[in-house]
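Below is one structure, written out as structure tokens; the observations come after it.
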Amino acid sequence: MPGMEKLHLEDVLEDSPQTRNLLRVFENDAFALKKYTLGLHNCCQRIMKAQNELCAATQALSQQLRDYEIQTFPLEPEDSILTTTLKQFSSYLDDVSSIQQVLSAQYSETMMYPMSRFIQADLEEVSTLCEMFQIATTEHESAIKNYMKLPKKKENDRQRMEYNEELYGMRKKFHQTGLHYYSSLNALQYKRKCSLLEPILGYMHAQRAFFQMGQDAVCKKEIEEFLNNINASVQGVQKELQQDTKKTVDLIDTLEQQSVQHYHAEPNPEMPYIPPNTQLAQKGGYLFIRSKQLIATRWDRCFFFTQGGNLMCQPKDEVAGSLSLDLNEPGVLAEPYETDDRRFVFHVTSPKLRKSVVLQAENERERDEWICTINNIVRESGYVKSKSPLQQQANKERTPSTTSSTKESGGSSPDMANVNSSASLGSPHAPKPAPSTNDMLLSDVPIQFDLQPIIDDITDVTPNLQGPPKRINPFDQSTGEVLDNLDSAIADAHYVESFVVRFLGSMEVKADRGEPLVLETMRQIMAARAIHNVFRMTESRLVVSSDNMKLIDPSTNIVRTVFALADISFWAAHNENKRLFGFITRNRQTGLPNPSFACHVFECNVSAEEICSAIQTATKLAFQALMEKKAVEKIQKVKAKEKNILLQNIQNLEDADSDEELSNLPLSPDGKYLVLTATEDDDEMLEDTNYVDTQMTQKVKDLVVTQEEEGVDDSEA
């Protein structure tokens with residue numbers, strides 16, 4: 001390369017001061033180059049580490065997006081659009097991570113390898129030769145000094161030869177080491193040009209290849225459309241958020257203005273007087289309740305509310321309320337009370353239970369409203385343990401199910417004989433009347449959250465066998481239940497299906513069918529569970545057979561409840577949450593002209609449509625079995641009638657003594673056999689049962705042929 005400074009190898013042996021000065025310049029340059037190269041290597045190493053970290057971070061981000069689906073968010077539905085979007089983003093990030101891994105491998109090959117090779121093979125070689133050259137110089141100087149100290153006497157020829165040989169060896173070593181050292185310093189000037197540029201060149205080539213692969217992988221039309229849709233969706237959500245924020249701010253201002261009077265426990269005298277509402281039938285709020293501990297009394301702040309004719313108490317740390325006092329008992333009374341030198345105290349007493357609950361409100365208005373509400377509930381007797389006046393009136397207004405309504409909804413078990421079609425019983429897809437949903441729901445009806453036996457006498461109970469362990473987590477979605485340890489009645493059924501279900505609740509309804517009625521019942525039960533923080537669910541094994549439906553305890557294999565297929569009038573799955581389903585049952589009670597109806601709601605692990613399909617199949621088989629049974633009974637009845645007629649005619653033959661009596665018997669026109677007469681009712685039954693008519697006619701013909709072959713006389717016959 002023209003213009004490049006070099007060390008002259010011819011001057012190595014001479015080792016003049018000028019050569020030494022020039023060598024020192026080259027050495028300083030080599031040391032500076034090594035220092036700079038090490039700094040450059042550190043920078044490239046940082047890039048390499050950053051790229052590896054970027055690959056790992058991208059992979060972790062992709063995995064985190066996929067993990068959103070398995071997270072349990074109480075307010076996020078399982079089929080959320082956000083879950084699908086994050087999974088799609090995760091797949092795109094996997095592609096980006098693959099490209100980044102390729103870039104990391106290219107960095108290692110084209111940037112880090114040339115840099116490491118230059119440092120280890122060239123710069124380290126120069127450093128090693130520098131040390132060797134210094135050692136050789138020192139030894140050469142020492143050999144020269146020893147040689148130059150030799151005296152002039154000839155007696156020391158042997159010593160002179162030894163020093164001369166030593167000088168020869170040291171000078172040769174110095175010369176050879178110097179030649180290699182000088183040549184390495186000269187070559188370093190060339191290697192500087194390529195070794196510093198090659199890593200940067202590799203970095204740029206890797207970046208270009210990375211951008212090219214990234215463009216091919218990311219700049220696709222489908223990805224562009226996906227990103228545009230997500231961007232538009234995000235902008236729409238942000239716009240909705242802005243609108244909701246504005247409404248929230250306005251609502252906060254309104255609530256703050258309306259709640260000024262509630263900030264004071266006692267109303268400010270300057271504010272207008274608000275009288276207590278004495279017409280309330282339900283109320284809830286915080287009260288202080290008195291409890292006794294040994295010789296002292298204690299006042300605790302709890303949330304009280306009325307539900308189903310009961311005064312409920314729920315501490316802050318509890319998830320559900322507990323019964324404080326049953327307001328259905330006779331003689332319950334709420335009135336002001338004076339105790340412990342406290343204001344606004346009242347108590348609720350129950351003479352029958354001999355129990356008194358002492359409560360304290362924040363002000364006089366709250367106390368009066370609580371007293372009026374409790375007394376209103378007691379006075380109206382809207383909630384009693386038997387039938388309330390409201391429910392009794394509703395039962396009187398109900399009309400029994402007719403044959404026409406049964407046909408419209410697909411049939412129901414009590415009227416199976418009147419159904420002329422083979423459609424499944426209670427099918428939710430059959431046409432049905434569409435009354436208002438509010439008209440089909442009873443007002444102020446209590447909701448049952450715990451699964452209780454719906455029938456009084458359960459005779460079909462499986463033995464207490466060892467079953468699977470009881471679940472601790474009520475939201476556990478694991479399955480694996482099988483049809484084991486079933487009683488003989490279910491095992492002999494023509495159709496059996498088993499599902500794991502969890503009971504959510506049941507409530508009384510007015511009508512016995514209607515998909516809107518089932519959906520509205522589901523909504524009310526789920527809302528009530530959320531309001532009262534009811535999270536516990538009773539898990540059971542629902543066994544659907546062609547005989548009945550049973551709820552079996554999975555831990556003990558004991559039958560909890562049996563539903564007769566004749567009492568199941570309707571069933572339906574939720575139109576959005578595919579794991580919710582409900583069915584309506586008839587509850588026949590003695591002493592009442594009309595049955596009552598209850599809707600039961602369950603949650604399942606599989607699709608609710610699968611369970612509804614199983615119920616439909618079971619009821620269809622039950623209907624077919626019932627029709628076959630009635631047909632067999634009709635055939636047997638016809639056979640019995642024909643047998644009686646035949647026996648009567650034979651008896652008449654035996655009792656006939658004269659030709660005149662024989663002529664009165666019903667004979668055929670040719671007089672060969674008797675005519676089996678039947679009434680009009682029998683003719684109608686025979687028309688419905690062609691099989692019986694054909695079989696009986698064939699038997700009579702066989703009897704005539706037998707008589708002719710044996711030669712029996714007509715009169716004897």
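Residues in the structure tokens are numbered from 1 in each chain, the chains being A, B, ... in the order shown, and ligands are numbered from 1 in the order shown.
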Quick one: everything within 9 Å of A:Leu150, counting only C-alpha atoms, minus sequence neighbours fewer than 2 positions away in the same chain. Send it as a PyMOL selection string. chain A and resi 146-148+152-153+156+159-160+163
List the spatial neighbours of stretch 303-315 of chain A as a PyMOL selection string - criterion: any atom at most 9 Å away, only C-alpha atoms, same-chain residues fewer than 2 positions off excluded. chain A and resi 281-288+300-301+317-328+373-374+377-378+381-384+444-447
Applying 8 Å and only C-alpha atoms, which residues near A:Arg365 remain after dropping the ones on its own chain fewer than 4 positions away? List them as an mmCIF file with all heavy atoms, in the first residue's frame.
data_model
loop_
_atom_site.group_PDB
_atom_site.id
_atom_site.type_symbol
_atom_site.label_atom_id
_atom_site.label_comp_id
_atom_site.auth_asym_id
_atom_site.auth_seq_id
_atom_site.Cartn_x
_atom_site.Cartn_y
_atom_site.Cartn_z
ATOM 1 N N PRO A 275 -88.454 13.474 55.090
ATOM 2 C CA PRO A 275 -89.133 12.530 55.987
ATOM 3 C C PRO A 275 -88.760 11.090 55.632
ATOM 4 O O PRO A 275 -88.371 10.792 54.498
ATOM 5 C CB PRO A 275 -90.618 12.798 55.734
ATOM 6 C CG PRO A 275 -90.660 13.324 54.334
ATOM 7 C CD PRO A 275 -89.395 14.104 54.134
ATOM 8 N N PRO A 276 -88.866 10.164 56.566
ATOM 9 C CA PRO A 276 -88.568 8.754 56.272
ATOM 10 C C PRO A 276 -89.626 8.139 55.371
ATOM 11 O O PRO A 276 -90.798 8.514 55.414
ATOM 12 C CB PRO A 276 -88.556 8.101 57.660
ATOM 13 C CG PRO A 276 -89.402 8.996 58.506
ATOM 14 C CD PRO A 276 -89.205 10.390 57.990
ATOM 15 N N GLU A 369 -86.983 4.342 59.116
ATOM 16 C CA GLU A 369 -87.183 3.582 57.882
ATOM 17 C C GLU A 369 -86.983 2.087 58.126
ATOM 18 O O GLU A 369 -87.718 1.254 57.589
ATOM 19 C CB GLU A 369 -86.223 4.075 56.792
ATOM 20 C CG GLU A 369 -86.636 5.392 56.163
ATOM 21 C CD GLU A 369 -85.814 5.717 54.932
ATOM 22 O OE1 GLU A 369 -84.851 4.964 54.653
ATOM 23 O OE2 GLU A 369 -86.113 6.715 54.255
#
Work out how far atom CA of A:Asp547 is from atom CA of A:Leu621, in Å to one decimal. 8.9 Å
Nearest to A:Ser184 by atom-to-atom distance, counting only C-alpha atoms, from A:Tyr113, A:Phe226, A:Tyr36, A:Phe26: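 Checking each of A:Tyr113, A:Phe226, A:Tyr36, A:Phe26 against A:Ser184, counting only C-alpha atoms, the winner is A:Phe26.
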I'd like to know which of A:Met115, A:Val102, A:Ala598, A:Leu75 is closest to A:Gly202, using only C-alpha atoms.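 Counting only C-alpha atoms, the residue closest to A:Gly202 is A:Met115.
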Please compute the atom CA of A:Thr556-atom CA of A:Ser506 distance, one decimal, in Å.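 Computing the Euclidean distance for atom CA of A:Thr556 and atom CA of A:Ser506 yields 23.5 Å.
Residues with any atom within 8 Å of A:Trp299, counting only C-alpha atoms and excluding same-chain neighbours fewer than 4 positions away, are Phe288, Ile289, Arg290 and Ser291 of chain A.
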List every residue of stretch 298-374 of chain A that DSSP, applied to the backbone of this structure, assigns to strand (DSSP E or B), and report them as number ranges by chain. A: 298-307, 310-314, 322-326, 333-336, 345-350, 355-360
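In terms of minimum interatomic distance to A:His494, A:Gln624 ranks closest within A:Asn533, A:Gln624, A:Thr83, A:Asn557, counting only C-alpha atoms.
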Within 10 Å of stretch 341-345 of chain A, counting only C-alpha atoms, which residues show up once you throw out same-chain ones fewer than 2 positions away? Write them as number ranges by chain, please. A: 287-290, 335-339, 347, 358-368
Those same residues, written as a tab-separated table (two decimals), in the first residue's frame with C-alpha atoms?
chain	number	residue	atom	x	y	z
A	287	LEU	CA	-76.08	-0.84	61.19
A	288	PHE	CA	-74.38	-1.43	64.51
A	289	ILE	CA	-75.44	-4.63	66.26
A	290	ARG	CA	-75.04	-5.26	69.96
A	335	GLU	CA	-89.66	-0.59	67.73
A	336	PRO	CA	-87.33	2.04	69.24
A	337	TYR	CA	-85.23	0.96	72.16
A	338	GLU	CA	-83.14	2.65	74.82
A	339	THR	CA	-79.89	1.02	75.93
A	347	HIS	CA	-84.67	-3.71	68.44
A	358	VAL	CA	-80.61	-4.73	69.12
A	359	LEU	CA	-79.47	-2.42	66.32
A	360	GLN	CA	-78.32	1.18	66.01
A	361	ALA	CA	-78.73	3.46	63.00
A	362	GLU	CA	-76.78	6.60	62.12
A	363	ASN	CA	-79.72	8.96	62.46
A	364	GLU	CA	-83.37	9.12	63.30
A	365	ARG	CA	-84.54	8.89	59.69
A	366	GLU	CA	-82.59	5.67	59.07
A	367	ARG	CA	-83.94	4.16	62.28
A	368	ASP	CA	-87.56	4.98	61.41
Separation of atom CA of A:Phe583 and atom CA of A:Cys599, in Å?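 Interatomic distance, atom CA of A:Phe583 to atom CA of A:Cys599: 5.6 Å.
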Taking the DSSP secondary structure from the backbone, can you list the residues of stretch 567-645 of chain A that are alpha helix (DSSP H), as a PyMOL selection string? chain A and resi 608-645
